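One structure below.
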Amino acid sequence: MLRVETVRMAGRGRPKAELVLSDVERQTLESWSRRRKSAQGLALRCRIVLVCAEGLSNTEVAARLGVSRPMVGKWRSRFVERRLNGLVDEPRPGVPRKITDEQVEQVVVDTLEKTPVNATHWSRASMAKSSGLSRSTVGRIWKAFRLKPRLSETFKLSKDPLFIDKGP
């Protein structure tokens, strides 16, 4: 059932790889394109391949789906080369993360549920010392989760033993 040929459309333009889908591939592509949890990029790639399988040119597919012709050509050829695996996102270049999800979770949980010794709320420095991460990393985590430990919606009793003596 799988067949890959080079076909020239009406003697013009570059030859394109003919795309023929197996029943399993067609079902998978249709389910990925309709599934609510699919990334939108993956769903679009699936729709591109499904329309290409109808025998249309890259220009016609691009016009029907509202995408560029080079994009159609890219995903058509990648599917022909690697089949379904060619549509899945590849790892991005760059330095891998050094902070694990567990470390981020621990900072968030500690911020919300614990208080530091001899203080009423966490500072970036005290959380950094407690978690073993840098102050800037703690700040980025708090910003990402919109945490502001210095701002509280409830009254906090001071842990200062001389608090009453320092009163007005």
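In the structure tokens, each chain is lettered A, B, ... as it comes, each chain's residues begin at 1, and ligands are numbered from 1 in order of appearance.
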
Query raised in the report: Leaving out Phe145 in chain A and any residue of its chain fewer than 5 positions from it, which residues lie within 12 Å of it when counting only C-alpha atoms, given as a ChimeraX atom specification?
Result: /A:104-105,107-109,111-112,138-140

Among range 30-132 of chain A, which residues does DSSP mark as alpha helix (DSSP H) when it is run on the backbone? Keep the chain and numbering as in the structure and answer as a PDB file with N, CA, C and O atoms, in the first residue's frame.
ATOM      1  N   GLU A  30      -6.073  11.722  11.085  1.00  0.00           N
ATOM      2  CA  GLU A  30      -7.381  12.334  11.338  1.00  0.00           C
ATOM      3  C   GLU A  30      -7.632  12.504  12.831  1.00  0.00           C
ATOM      4  O   GLU A  30      -8.158  13.530  13.263  1.00  0.00           O
ATOM      5  N   SER A  31      -7.241  11.517  13.621  1.00  0.00           N
ATOM      6  CA  SER A  31      -7.468  11.648  15.071  1.00  0.00           C
ATOM      7  C   SER A  31      -6.564  12.729  15.659  1.00  0.00           C
ATOM      8  O   SER A  31      -6.988  13.503  16.508  1.00  0.00           O
ATOM      9  N   TRP A  32      -5.309  12.805  15.219  1.00  0.00           N
ATOM     10  CA  TRP A  32      -4.401  13.850  15.716  1.00  0.00           C
ATOM     11  C   TRP A  32      -4.893  15.232  15.320  1.00  0.00           C
ATOM     12  O   TRP A  32      -4.749  16.183  16.078  1.00  0.00           O
ATOM     13  N   SER A  33      -5.457  15.371  14.131  1.00  0.00           N
ATOM     14  CA  SER A  33      -5.894  16.697  13.677  1.00  0.00           C
ATOM     15  C   SER A  33      -7.152  17.164  14.399  1.00  0.00           C
ATOM     16  O   SER A  33      -7.401  18.357  14.502  1.00  0.00           O
ATOM     17  N   ARG A  34      -7.947  16.220  14.939  1.00  0.00           N
ATOM     18  CA  ARG A  34      -9.202  16.588  15.631  1.00  0.00           C
ATOM     19  C   ARG A  34      -9.087  16.564  17.140  1.00  0.00           C
ATOM     20  O   ARG A  34      -9.924  17.136  17.826  1.00  0.00           O
ATOM     21  N   GLN A  40      -1.349  22.590  18.274  1.00  0.00           N
ATOM     22  CA  GLN A  40      -1.912  23.139  17.047  1.00  0.00           C
ATOM     23  C   GLN A  40      -0.977  22.956  15.859  1.00  0.00           C
ATOM     24  O   GLN A  40      -1.429  22.755  14.734  1.00  0.00           O
ATOM     25  N   GLY A  41       0.329  23.016  16.098  1.00  0.00           N
ATOM     26  CA  GLY A  41       1.291  22.795  15.015  1.00  0.00           C
ATOM     27  C   GLY A  41       1.177  21.390  14.453  1.00  0.00           C
ATOM     28  O   GLY A  41       1.172  21.186  13.236  1.00  0.00           O
ATOM     29  N   LEU A  42       1.077  20.407  15.332  1.00  0.00           N
ATOM     30  CA  LEU A  42       0.937  19.021  14.899  1.00  0.00           C
ATOM     31  C   LEU A  42      -0.374  18.811  14.162  1.00  0.00           C
ATOM     32  O   LEU A  42      -0.421  18.144  13.124  1.00  0.00           O
ATOM     33  N   ALA A  43      -1.444  19.404  14.639  1.00  0.00           N
ATOM     34  CA  ALA A  43      -2.753  19.275  13.981  1.00  0.00           C
ATOM     35  C   ALA A  43      -2.700  19.865  12.568  1.00  0.00           C
ATOM     36  O   ALA A  43      -3.238  19.272  11.620  1.00  0.00           O
ATOM     37  N   LEU A  44      -2.037  21.009  12.407  1.00  0.00           N
ATOM     38  CA  LEU A  44      -1.911  21.623  11.083  1.00  0.00           C
ATOM     39  C   LEU A  44      -1.094  20.733  10.155  1.00  0.00           C
ATOM     40  O   LEU A  44      -1.452  20.535   8.992  1.00  0.00           O
ATOM     41  N   ARG A  45       0.005  20.174  10.656  1.00  0.00           N
ATOM     42  CA  ARG A  45       0.826  19.272   9.835  1.00  0.00           C
ATOM     43  C   ARG A  45       0.008  18.076   9.367  1.00  0.00           C
ATOM     44  O   ARG A  45       0.124  17.641   8.219  1.00  0.00           O
ATOM     45  N   CYS A  46      -0.817  17.543  10.258  1.00  0.00           N
ATOM     46  CA  CYS A  46      -1.669  16.402   9.895  1.00  0.00           C
ATOM     47  C   CYS A  46      -2.655  16.789   8.796  1.00  0.00           C
ATOM     48  O   CYS A  46      -2.862  16.032   7.839  1.00  0.00           O
ATOM     49  N   ARG A  47      -3.257  17.979   8.911  1.00  0.00           N
ATOM     50  CA  ARG A  47      -4.194  18.428   7.879  1.00  0.00           C
ATOM     51  C   ARG A  47      -3.479  18.615   6.542  1.00  0.00           C
ATOM     52  O   ARG A  47      -4.025  18.288   5.482  1.00  0.00           O
ATOM     53  N   ILE A  48      -2.252  19.136   6.585  1.00  0.00           N
ATOM     54  CA  ILE A  48      -1.471  19.307   5.356  1.00  0.00           C
ATOM     55  C   ILE A  48      -1.260  17.963   4.678  1.00  0.00           C
ATOM     56  O   ILE A  48      -1.494  17.804   3.478  1.00  0.00           O
ATOM     57  N   VAL A  49      -0.829  16.964   5.435  1.00  0.00           N
ATOM     58  CA  VAL A  49      -0.571  15.642   4.864  1.00  0.00           C
ATOM     59  C   VAL A  49      -1.860  15.022   4.331  1.00  0.00           C
ATOM     60  O   VAL A  49      -1.869  14.421   3.251  1.00  0.00           O
ATOM     61  N   LEU A  50      -2.953  15.167   5.060  1.00  0.00           N
ATOM     62  CA  LEU A  50      -4.218  14.599   4.603  1.00  0.00           C
ATOM     63  C   LEU A  50      -4.674  15.217   3.279  1.00  0.00           C
ATOM     64  O   LEU A  50      -5.141  14.510   2.384  1.00  0.00           O
ATOM     65  N   VAL A  51      -4.518  16.527   3.147  1.00  0.00           N
ATOM     66  CA  VAL A  51      -4.915  17.176   1.900  1.00  0.00           C
ATOM     67  C   VAL A  51      -3.941  16.813   0.778  1.00  0.00           C
ATOM     68  O   VAL A  51      -4.354  16.597  -0.368  1.00  0.00           O
ATOM     69  N   CYS A  52      -2.651  16.694   1.087  1.00  0.00           N
ATOM     70  CA  CYS A  52      -1.674  16.268   0.075  1.00  0.00           C
ATOM     71  C   CYS A  52      -2.007  14.879  -0.450  1.00  0.00           C
ATOM     72  O   CYS A  52      -1.793  14.580  -1.625  1.00  0.00           O
ATOM     73  N   ASN A  58       1.228  21.358  -4.210  1.00  0.00           N
ATOM     74  CA  ASN A  58       1.565  22.134  -3.014  1.00  0.00           C
ATOM     75  C   ASN A  58       0.872  23.492  -3.025  1.00  0.00           C
ATOM     76  O   ASN A  58       0.434  23.992  -1.986  1.00  0.00           O
ATOM     77  N   THR A  59       0.751  24.104  -4.190  1.00  0.00           N
ATOM     78  CA  THR A  59       0.089  25.405  -4.305  1.00  0.00           C
ATOM     79  C   THR A  59      -1.385  25.297  -3.933  1.00  0.00           C
ATOM     80  O   THR A  59      -1.916  26.138  -3.205  1.00  0.00           O
ATOM     81  N   GLU A  60      -2.041  24.243  -4.414  1.00  0.00           N
ATOM     82  CA  GLU A  60      -3.461  24.057  -4.110  1.00  0.00           C
ATOM     83  C   GLU A  60      -3.678  23.756  -2.628  1.00  0.00           C
ATOM     84  O   GLU A  60      -4.623  24.266  -2.005  1.00  0.00           O
ATOM     85  N   VAL A  61      -2.787  22.938  -2.032  1.00  0.00           N
ATOM     86  CA  VAL A  61      -2.892  22.627  -0.602  1.00  0.00           C
ATOM     87  C   VAL A  61      -2.686  23.896   0.215  1.00  0.00           C
ATOM     88  O   VAL A  61      -3.431  24.171   1.166  1.00  0.00           O
ATOM     89  N   ALA A  62      -1.675  24.690  -0.162  1.00  0.00           N
ATOM     90  CA  ALA A  62      -1.384  25.929   0.562  1.00  0.00           C
ATOM     91  C   ALA A  62      -2.574  26.882   0.509  1.00  0.00           C
ATOM     92  O   ALA A  62      -2.939  27.486   1.519  1.00  0.00           O
ATOM     93  N   ALA A  63      -3.183  26.995  -0.669  1.00  0.00           N
ATOM     94  CA  ALA A  63      -4.339  27.894  -0.809  1.00  0.00           C
ATOM     95  C   ALA A  63      -5.525  27.393   0.015  1.00  0.00           C
ATOM     96  O   ALA A  63      -6.211  28.188   0.665  1.00  0.00           O
ATOM     97  N   ARG A  64      -5.755  26.093   0.019  1.00  0.00           N
ATOM     98  CA  ARG A  64      -6.892  25.546   0.758  1.00  0.00           C
ATOM     99  C   ARG A  64      -6.737  25.733   2.261  1.00  0.00           C
ATOM    100  O   ARG A  64      -7.693  26.053   2.965  1.00  0.00           O
ATOM    101  N   LEU A  65      -5.512  25.550   2.777  1.00  0.00           N
ATOM    102  CA  LEU A  65      -5.298  25.606   4.225  1.00  0.00           C
ATOM    103  C   LEU A  65      -4.802  26.967   4.717  1.00  0.00           C
ATOM    104  O   LEU A  65      -4.651  27.166   5.921  1.00  0.00           O
ATOM    105  N   ARG A  69       3.412  27.845   0.516  1.00  0.00           N
ATOM    106  CA  ARG A  69       3.767  26.707  -0.321  1.00  0.00           C
ATOM    107  C   ARG A  69       5.014  25.983   0.197  1.00  0.00           C
ATOM    108  O   ARG A  69       5.039  24.754   0.214  1.00  0.00           O
ATOM    109  N   PRO A  70       6.060  26.712   0.635  1.00  0.00           N
ATOM    110  CA  PRO A  70       7.229  26.005   1.180  1.00  0.00           C
ATOM    111  C   PRO A  70       6.894  25.166   2.415  1.00  0.00           C
ATOM    112  O   PRO A  70       7.463  24.100   2.621  1.00  0.00           O
ATOM    113  N   MET A  71       5.937  25.633   3.216  1.00  0.00           N
ATOM    114  CA  MET A  71       5.543  24.867   4.395  1.00  0.00           C
ATOM    115  C   MET A  71       4.910  23.536   3.972  1.00  0.00           C
ATOM    116  O   MET A  71       5.196  22.492   4.557  1.00  0.00           O
ATOM    117  N   VAL A  72       4.071  23.586   2.967  1.00  0.00           N
ATOM    118  CA  VAL A  72       3.445  22.359   2.473  1.00  0.00           C
ATOM    119  C   VAL A  72       4.518  21.416   1.948  1.00  0.00           C
ATOM    120  O   VAL A  72       4.512  20.218   2.240  1.00  0.00           O
ATOM    121  N   GLY A  73       5.450  21.945   1.162  1.00  0.00           N
ATOM    122  CA  GLY A  73       6.525  21.114   0.616  1.00  0.00           C
ATOM    123  C   GLY A  73       7.366  20.481   1.704  1.00  0.00           C
ATOM    124  O   GLY A  73       7.759  19.305   1.602  1.00  0.00           O
ATOM    125  N   LYS A  74       7.644  21.236   2.735  1.00  0.00           N
ATOM    126  CA  LYS A  74       8.457  20.722   3.841  1.00  0.00           C
ATOM    127  C   LYS A  74       7.784  19.533   4.514  1.00  0.00           C
ATOM    128  O   LYS A  74       8.395  18.483   4.714  1.00  0.00           O
ATOM    129  N   TRP A  75       6.500  19.688   4.862  1.00  0.00           N
ATOM    130  CA  TRP A  75       5.826  18.620   5.606  1.00  0.00           C
ATOM    131  C   TRP A  75       5.459  17.450   4.706  1.00  0.00           C
ATOM    132  O   TRP A  75       5.433  16.310   5.156  1.00  0.00           O
ATOM    133  N   ARG A  76       5.228  17.694   3.420  1.00  0.00           N
ATOM    134  CA  ARG A  76       4.992  16.596   2.486  1.00  0.00           C
ATOM    135  C   ARG A  76       6.251  15.727   2.401  1.00  0.00           C
ATOM    136  O   ARG A  76       6.194  14.516   2.571  1.00  0.00           O
ATOM    137  N   SER A  77       7.398  16.369   2.158  1.00  0.00           N
ATOM    138  CA  SER A  77       8.631  15.582   1.997  1.00  0.00           C
ATOM    139  C   SER A  77       9.049  14.923   3.306  1.00  0.00           C
ATOM    140  O   SER A  77       9.515  13.782   3.306  1.00  0.00           O
ATOM    141  N   ARG A  78       8.858  15.605   4.416  1.00  0.00           N
ATOM    142  CA  ARG A  78       9.223  15.001   5.694  1.00  0.00           C
ATOM    143  C   ARG A  78       8.348  13.783   5.996  1.00  0.00           C
ATOM    144  O   ARG A  78       8.822  12.779   6.510  1.00  0.00           O
ATOM    145  N   PHE A  79       7.054  13.867   5.649  1.00  0.00           N
ATOM    146  CA  PHE A  79       6.176  12.718   5.870  1.00  0.00           C
ATOM    147  C   PHE A  79       6.578  11.559   4.959  1.00  0.00           C
ATOM    148  O   PHE A  79       6.598  10.406   5.386  1.00  0.00           O
ATOM    149  N   VAL A  80       6.893  11.857   3.710  1.00  0.00           N
ATOM    150  CA  VAL A  80       7.282  10.800   2.782  1.00  0.00           C
ATOM    151  C   VAL A  80       8.553  10.099   3.265  1.00  0.00           C
ATOM    152  O   VAL A  80       8.672   8.878   3.171  1.00  0.00           O
ATOM    153  N   GLU A  81       9.495  10.861   3.812  1.00  0.00           N
ATOM    154  CA  GLU A  81      10.751  10.285   4.303  1.00  0.00           C
ATOM    155  C   GLU A  81      10.566   9.497   5.594  1.00  0.00           C
ATOM    156  O   GLU A  81      11.098   8.402   5.740  1.00  0.00           O
ATOM    157  N   ARG A  82       9.853  10.089   6.566  1.00  0.00           N
ATOM    158  CA  ARG A  82       9.807   9.498   7.915  1.00  0.00           C
ATOM    159  C   ARG A  82       8.419   9.061   8.359  1.00  0.00           C
ATOM    160  O   ARG A  82       8.243   8.666   9.509  1.00  0.00           O
ATOM    161  N   ASP A 101      11.734  19.935  37.245  1.00  0.00           N
ATOM    162  CA  ASP A 101      10.363  20.293  37.614  1.00  0.00           C
ATOM    163  C   ASP A 101      10.147  20.111  39.111  1.00  0.00           C
ATOM    164  O   ASP A 101       9.386  20.857  39.729  1.00  0.00           O
ATOM    165  N   GLU A 102      10.817  19.121  39.694  1.00  0.00           N
ATOM    166  CA  GLU A 102      10.687  18.876  41.135  1.00  0.00           C
ATOM    167  C   GLU A 102      11.249  20.047  41.937  1.00  0.00           C
ATOM    168  O   GLU A 102      10.680  20.430  42.961  1.00  0.00           O
ATOM    169  N   GLN A 103      12.366  20.634  41.480  1.00  0.00           N
ATOM    170  CA  GLN A 103      12.936  21.785  42.184  1.00  0.00           C
ATOM    171  C   GLN A 103      11.989  22.982  42.097  1.00  0.00           C
ATOM    172  O   GLN A 103      11.796  23.698  43.084  1.00  0.00           O
ATOM    173  N   VAL A 104      11.422  23.197  40.933  1.00  0.00           N
ATOM    174  CA  VAL A 104      10.468  24.307  40.767  1.00  0.00           C
ATOM    175  C   VAL A 104       9.268  24.084  41.675  1.00  0.00           C
ATOM    176  O   VAL A 104       8.829  25.001  42.382  1.00  0.00           O
ATOM    177  N   GLU A 105       8.747  22.865  41.676  1.00  0.00           N
ATOM    178  CA  GLU A 105       7.598  22.546  42.528  1.00  0.00           C
ATOM    179  C   GLU A 105       7.921  22.775  44.000  1.00  0.00           C
ATOM    180  O   GLU A 105       7.109  23.323  44.742  1.00  0.00           O
ATOM    181  N   GLN A 106       9.121  22.391  44.416  1.00  0.00           N
ATOM    182  CA  GLN A 106       9.504  22.552  45.820  1.00  0.00           C
ATOM    183  C   GLN A 106       9.559  24.027  46.210  1.00  0.00           C
ATOM    184  O   GLN A 106       9.118  24.400  47.291  1.00  0.00           O
ATOM    185  N   VAL A 107      10.072  24.879  45.318  1.00  0.00           N
ATOM    186  CA  VAL A 107      10.118  26.318  45.604  1.00  0.00           C
ATOM    187  C   VAL A 107       8.699  26.872  45.740  1.00  0.00           C
ATOM    188  O   VAL A 107       8.400  27.632  46.669  1.00  0.00           O
ATOM    189  N   VAL A 108       7.808  26.471  44.844  1.00  0.00           N
ATOM    190  CA  VAL A 108       6.429  26.956  44.900  1.00  0.00           C
ATOM    191  C   VAL A 108       5.738  26.485  46.183  1.00  0.00           C
ATOM    192  O   VAL A 108       5.096  27.274  46.884  1.00  0.00           O
ATOM    193  N   VAL A 109       5.892  25.209  46.509  1.00  0.00           N
ATOM    194  CA  VAL A 109       5.260  24.656  47.713  1.00  0.00           C
ATOM    195  C   VAL A 109       5.811  25.332  48.963  1.00  0.00           C
ATOM    196  O   VAL A 109       5.049  25.730  49.853  1.00  0.00           O
ATOM    197  N   ASP A 110       7.136  25.469  49.051  1.00  0.00           N
ATOM    198  CA  ASP A 110       7.739  26.121  50.220  1.00  0.00           C
ATOM    199  C   ASP A 110       7.268  27.568  50.351  1.00  0.00           C
ATOM    200  O   ASP A 110       6.996  28.044  51.450  1.00  0.00           O
ATOM    201  N   THR A 111       7.174  28.254  49.229  1.00  0.00           N
ATOM    202  CA  THR A 111       6.730  29.657  49.251  1.00  0.00           C
ATOM    203  C   THR A 111       5.323  29.783  49.804  1.00  0.00           C
ATOM    204  O   THR A 111       5.029  30.674  50.601  1.00  0.00           O
ATOM    205  N   LEU A 112       4.456  28.873  49.400  1.00  0.00           N
ATOM    206  CA  LEU A 112       3.053  28.967  49.790  1.00  0.00           C
ATOM    207  C   LEU A 112       2.741  28.364  51.148  1.00  0.00           C
ATOM    208  O   LEU A 112       1.818  28.804  51.826  1.00  0.00           O
ATOM    209  N   GLU A 113       3.502  27.352  51.556  1.00  0.00           N
ATOM    210  CA  GLU A 113       3.112  26.601  52.743  1.00  0.00           C
ATOM    211  C   GLU A 113       4.051  26.735  53.938  1.00  0.00           C
ATOM    212  O   GLU A 113       3.692  26.314  55.020  1.00  0.00           O
ATOM    213  N   ARG A 124      13.891  36.564  48.283  1.00  0.00           N
ATOM    214  CA  ARG A 124      14.568  35.759  47.260  1.00  0.00           C
ATOM    215  C   ARG A 124      15.841  35.147  47.820  1.00  0.00           C
ATOM    216  O   ARG A 124      16.147  33.993  47.534  1.00  0.00           O
ATOM    217  N   ALA A 125      16.545  35.903  48.628  1.00  0.00           N
ATOM    218  CA  ALA A 125      17.800  35.399  49.195  1.00  0.00           C
ATOM    219  C   ALA A 125      17.556  34.232  50.146  1.00  0.00           C
ATOM    220  O   ALA A 125      18.264  33.223  50.101  1.00  0.00           O
ATOM    221  N   SER A 126      16.545  34.363  51.009  1.00  0.00           N
ATOM    222  CA  SER A 126      16.297  33.282  51.967  1.00  0.00           C
ATOM    223  C   SER A 126      15.787  32.024  51.255  1.00  0.00           C
ATOM    224  O   SER A 126      16.161  30.903  51.613  1.00  0.00           O
ATOM    225  N   MET A 127      14.946  32.178  50.238  1.00  0.00           N
ATOM    226  CA  MET A 127      14.476  31.017  49.490  1.00  0.00           C
ATOM    227  C   MET A 127      15.613  30.385  48.702  1.00  0.00           C
ATOM    228  O   MET A 127      15.709  29.161  48.594  1.00  0.00           O
ATOM    229  N   ALA A 128      16.479  31.213  48.150  1.00  0.00           N
ATOM    230  CA  ALA A 128      17.623  30.693  47.399  1.00  0.00           C
ATOM    231  C   ALA A 128      18.529  29.864  48.307  1.00  0.00           C
ATOM    232  O   ALA A 128      18.972  28.773  47.939  1.00  0.00           O
ATOM    233  N   LYS A 129      18.761  30.373  49.511  1.00  0.00           N
ATOM    234  CA  LYS A 129      19.604  29.650  50.460  1.00  0.00           C
ATOM    235  C   LYS A 129      18.936  28.335  50.870  1.00  0.00           C
ATOM    236  O   LYS A 129      19.581  27.292  50.949  1.00  0.00           O
ATOM    237  N   SER A 130      17.635  28.368  51.085  1.00  0.00           N
ATOM    238  CA  SER A 130      16.903  27.181  51.506  1.00  0.00           C
ATOM    239  C   SER A 130      16.816  26.126  50.398  1.00  0.00           C
ATOM    240  O   SER A 130      16.930  24.936  50.660  1.00  0.00           O
ATOM    241  N   SER A 131      16.631  26.573  49.149  1.00  0.00           N
ATOM    242  CA  SER A 131      16.419  25.630  48.043  1.00  0.00           C
ATOM    243  C   SER A 131      17.696  25.213  47.338  1.00  0.00           C
ATOM    244  O   SER A 131      17.701  24.222  46.607  1.00  0.00           O
TER     245      SER A 131
END
